[in-house]
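K.L.:
Quick one: the structure is below, questions incoming.
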Amino acid sequence: MQREITSEEAKLYDRQIRLWGMEAQKRMRNARLCVVQFSGLATEIIKNLVLAGVGELTILDDAVATKLDLESNFFLTKDDIGKSRAESAIKRIEALNPNVNVKADVANSKDKDASYFRSFDVVICCEAALPEQFRINSACRDVAGGGKDPVFFASMCMGYDAFFFEDVGPTFQYMPKSAGGDSNGGERKNGESSTANKLKTVHGISMKEAFSTINTIARCKEILGRRMRRHLRLLSTVTILVRNALAEQEGGEYTSDLSSLKRTREKLSPKEAADAVVSDADLESSALTFGGALTSVLSIVGGIMAQEALKVQSLP
């Protein structure tokens with residue numbers, strides 16, 4: 001059942017309704033989202049989603065709060081230590097916006113099957129083990145699952161380095177912009193928009209496929225192309241860190257020290273390692289903060305991910 005925007009909500013969301021319109025706000029009002037793992041990154045995402053006025057938000061997290069959580073999770077207090085992170089934070093999250101239905105599911109994500117994740121419009125994995133992120137992404141893309149594929153997001157923050165992945169499904173349609181056209185892809189004539197262009201379809205790949213594609217530093221160069229070479233060092237460093245984390249989560253050898261990162265660099269691309277595309281200094285800087293939760297990084301990445309999640313829900 002579709003819920004309408006009340007007059008009180010219209011006043012509350014007035015500024016953003018002026019930005020993206022009432023219909024977009026209605027779609028967000030009826031959206032069901034699931035956030036997997038209630039980490040410091042998740043708090044930033046949840047804050048922005050709740051303030052924007054999504055319909056329902058479920059936090060899937062089986063962990064209990066620790067002193068370490070208090071450093072990055074501003075929804076928790078010292079009184080919550082030893083208690084469920086998700087359940088402890090519900091009232092504080094709801095206080096941001098009582099119009100949003102916030103739920104806590106204290107089960108382990110590994111115990112949830114595809115039907116659970118496909119009951120949501122958006123699924124966001126925060127800091128979950130990479131193999132588990134791959135599994136959930138696969139569930140969201142299950143062509144035999146029926147219904148609409150949930151939009152899937154995943155992210156890891158590793159000190160100063162971070163990445164996030166967005167999957168809108170096996171196929172995605174969009175209206176391209178034409179030269180001199182408007183944002184809807186049509187040319188403006190006498191103040192009116194003409195949708196002369198046709199919808200175009202792109203075929204997306206899964207998170208696991210994306211990670212198997214970026215498997216060498218040389219491949220990073222190929223993907224980025226000439227215009228994006230300035231970002232090569234960042235992408236290459238993140239790739240090394242993620243590969244290191246994946247090795248740990250799959251039972252392989254892993255440590256966050258410099259020698260371990262160097263070994264991973266050599267495995268990714270022995271020939272390129274000598275060219276110092278990713279220098280020892282880059283790896284040393286990453287090793288110092290890898291595994292830590294820096295609030296500034298969490299805030300930036302969380303803000304971007306929340307914005308993307310709202311964007312896909314605002315579209316018809």
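Each chain in the structure tokens gets a letter, A, B and so on, in the order shown; residues start at 1 in every chain, and ligands are counted from 1 in the order they appear.
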For segment 148-162 of chain A, list every protein, DNA or RNA residue within 9 Å, evaluated using only C-alpha atoms, and leave out those in the same chain fewer than 5 positions away; present the list as a ChimeraX atom specification.
P.N.:
/A:41,117-128,130,133,136-137,139-143,167-170,207,234,237-238,241-242,285-294,296-298,301,305,309,312
K.L.:
Would you mind listing what lies within 10 Å of Asn97 of chain A as a ChimeraX atom specification, with only C-alpha atoms counted and same-chain residues fewer than 3 positions away left out?
P.N.:
/A:12,47,49-54,92-94,100-102
K.L.:
Write to file, as a PDB file, in the first residue's frame, the residues of the selection just made, with N, CA, C and O atoms.
P.N.:
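Done, and the output landed in part.pdb:
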```pdb
ATOM      1  N   LEU A  12       7.956  19.596   6.472  1.00  0.00           N
ATOM      2  CA  LEU A  12       9.260  19.143   6.942  1.00  0.00           C
ATOM      3  C   LEU A  12      10.245  18.982   5.794  1.00  0.00           C
ATOM      4  O   LEU A  12      11.422  19.348   5.909  1.00  0.00           O
ATOM      5  N   LYS A  47      21.907   8.136   9.013  1.00  0.00           N
ATOM      6  CA  LYS A  47      21.558   9.513   9.385  1.00  0.00           C
ATOM      7  C   LYS A  47      20.978  10.261   8.186  1.00  0.00           C
ATOM      8  O   LYS A  47      19.913  10.894   8.277  1.00  0.00           O
ATOM      9  N   LEU A  49      19.781   9.032   5.292  1.00  0.00           N
ATOM     10  CA  LEU A  49      18.570   8.412   4.751  1.00  0.00           C
ATOM     11  C   LEU A  49      17.343   8.757   5.588  1.00  0.00           C
ATOM     12  O   LEU A  49      16.272   9.059   5.055  1.00  0.00           O
ATOM     13  N   VAL A  50      17.504   8.723   6.909  1.00  0.00           N
ATOM     14  CA  VAL A  50      16.380   9.007   7.807  1.00  0.00           C
ATOM     15  C   VAL A  50      15.974  10.471   7.711  1.00  0.00           C
ATOM     16  O   VAL A  50      14.777  10.791   7.661  1.00  0.00           O
ATOM     17  N   LEU A  51      16.935  11.356   7.687  1.00  0.00           N
ATOM     18  CA  LEU A  51      16.612  12.785   7.581  1.00  0.00           C
ATOM     19  C   LEU A  51      15.919  13.107   6.258  1.00  0.00           C
ATOM     20  O   LEU A  51      15.101  14.028   6.186  1.00  0.00           O
ATOM     21  N   ALA A  52      16.242  12.346   5.204  1.00  0.00           N
ATOM     22  CA  ALA A  52      15.624  12.594   3.896  1.00  0.00           C
ATOM     23  C   ALA A  52      14.201  12.070   3.820  1.00  0.00           C
ATOM     24  O   ALA A  52      13.437  12.467   2.943  1.00  0.00           O
ATOM     25  N   GLY A  53      13.823  11.145   4.728  1.00  0.00           N
ATOM     26  CA  GLY A  53      12.437  10.692   4.774  1.00  0.00           C
ATOM     27  C   GLY A  53      12.124   9.437   3.999  1.00  0.00           C
ATOM     28  O   GLY A  53      11.085   9.367   3.332  1.00  0.00           O
ATOM     29  N   VAL A  54      12.989   8.421   4.077  1.00  0.00           N
ATOM     30  CA  VAL A  54      12.648   7.140   3.450  1.00  0.00           C
ATOM     31  C   VAL A  54      11.513   6.494   4.256  1.00  0.00           C
ATOM     32  O   VAL A  54      11.227   6.900   5.384  1.00  0.00           O
ATOM     33  N   ARG A  92      17.222   6.471  19.202  1.00  0.00           N
ATOM     34  CA  ARG A  92      17.994   7.667  18.843  1.00  0.00           C
ATOM     35  C   ARG A  92      17.886   7.946  17.347  1.00  0.00           C
ATOM     36  O   ARG A  92      17.871   9.111  16.928  1.00  0.00           O
ATOM     37  N   ILE A  93      17.800   6.894  16.562  1.00  0.00           N
ATOM     38  CA  ILE A  93      17.631   7.085  15.120  1.00  0.00           C
ATOM     39  C   ILE A  93      16.244   7.631  14.813  1.00  0.00           C
ATOM     40  O   ILE A  93      16.077   8.569  14.022  1.00  0.00           O
ATOM     41  N   GLU A  94      15.237   7.066  15.455  1.00  0.00           N
ATOM     42  CA  GLU A  94      13.861   7.522  15.236  1.00  0.00           C
ATOM     43  C   GLU A  94      13.683   8.971  15.658  1.00  0.00           C
ATOM     44  O   GLU A  94      12.841   9.683  15.102  1.00  0.00           O
ATOM     45  N   VAL A 100       9.900   7.971   9.923  1.00  0.00           N
ATOM     46  CA  VAL A 100      10.553   6.806   9.325  1.00  0.00           C
ATOM     47  C   VAL A 100      10.404   5.603  10.252  1.00  0.00           C
ATOM     48  O   VAL A 100      10.659   5.692  11.455  1.00  0.00           O
ATOM     49  N   ASN A 101      10.003   4.478   9.693  1.00  0.00           N
ATOM     50  CA  ASN A 101       9.856   3.238  10.457  1.00  0.00           C
ATOM     51  C   ASN A 101      11.210   2.527  10.498  1.00  0.00           C
ATOM     52  O   ASN A 101      11.674   1.989   9.495  1.00  0.00           O
ATOM     53  N   VAL A 102      11.865   2.545  11.652  1.00  0.00           N
ATOM     54  CA  VAL A 102      13.196   1.956  11.813  1.00  0.00           C
ATOM     55  C   VAL A 102      13.077   0.640  12.572  1.00  0.00           C
ATOM     56  O   VAL A 102      12.448   0.571  13.629  1.00  0.00           O
TER      57      VAL A 102
END
```
K.L.:
Can you measure atom CA of Lys198 of chain A to atom CA of Met175 of chain A for me? One decimal in Å is fine.
P.N.:
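Separation of atom CA of Lys198 of chain A and atom CA of Met175 of chain A: 6.6 Å.
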K.L.:
Give the strand (DSSP E) residues of segment 33-137 of chain A, as DSSP finds them on the backbone, and put them as JSON, numbers by chain.
P.N.:
{"A": [33, 34, 35, 36, 56, 57, 58, 59, 60, 101, 102, 103, 104, 105, 122, 123, 124, 125, 126]}
K.L.:
Using Å and a single decimal, report how far atom CA of Leu310 of chain A sits from atom CA of Ser7 of chain A.
P.N.:
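Interatomic distance here is 21.3 Å.
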K.L.:
Residues near segment 58-74 of chain A, anyone? I mean within 7 Å using only C-alpha atoms, not counting same-chain ones fewer than 4 positions away, as a PyMOL selection string.
P.N.:
chain A and resi 33-40+43+80-86+102-109+293+295
K.L.:
Between atom CA of Ala306 of chain A and atom CA of Trp20 of chain A, measure the distance and give it in Å to one decimal.
P.N.:
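Spanning atom CA of Ala306 of chain A to atom CA of Trp20 of chain A is a straight-line distance of 15.5 Å.
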K.L.:
Name the residues of segment 57-197 of chain A that come out as alpha helix (DSSP H) in a backbone DSSP run; write them as a list of chain:residue names.
P.N.:
A:Arg85, A:Ala86, A:Glu87, A:Ser88, A:Ala89, A:Ile90, A:Lys91, A:Arg92, A:Ile93, A:Glu94, A:Ala95, A:Leu96, A:Ala114, A:Ser115, A:Tyr116, A:Phe117, A:Leu130, A:Pro131, A:Glu132, A:Gln133, A:Phe134, A:Arg135, A:Ile136, A:Asn137, A:Ser138, A:Ala139, A:Cys140
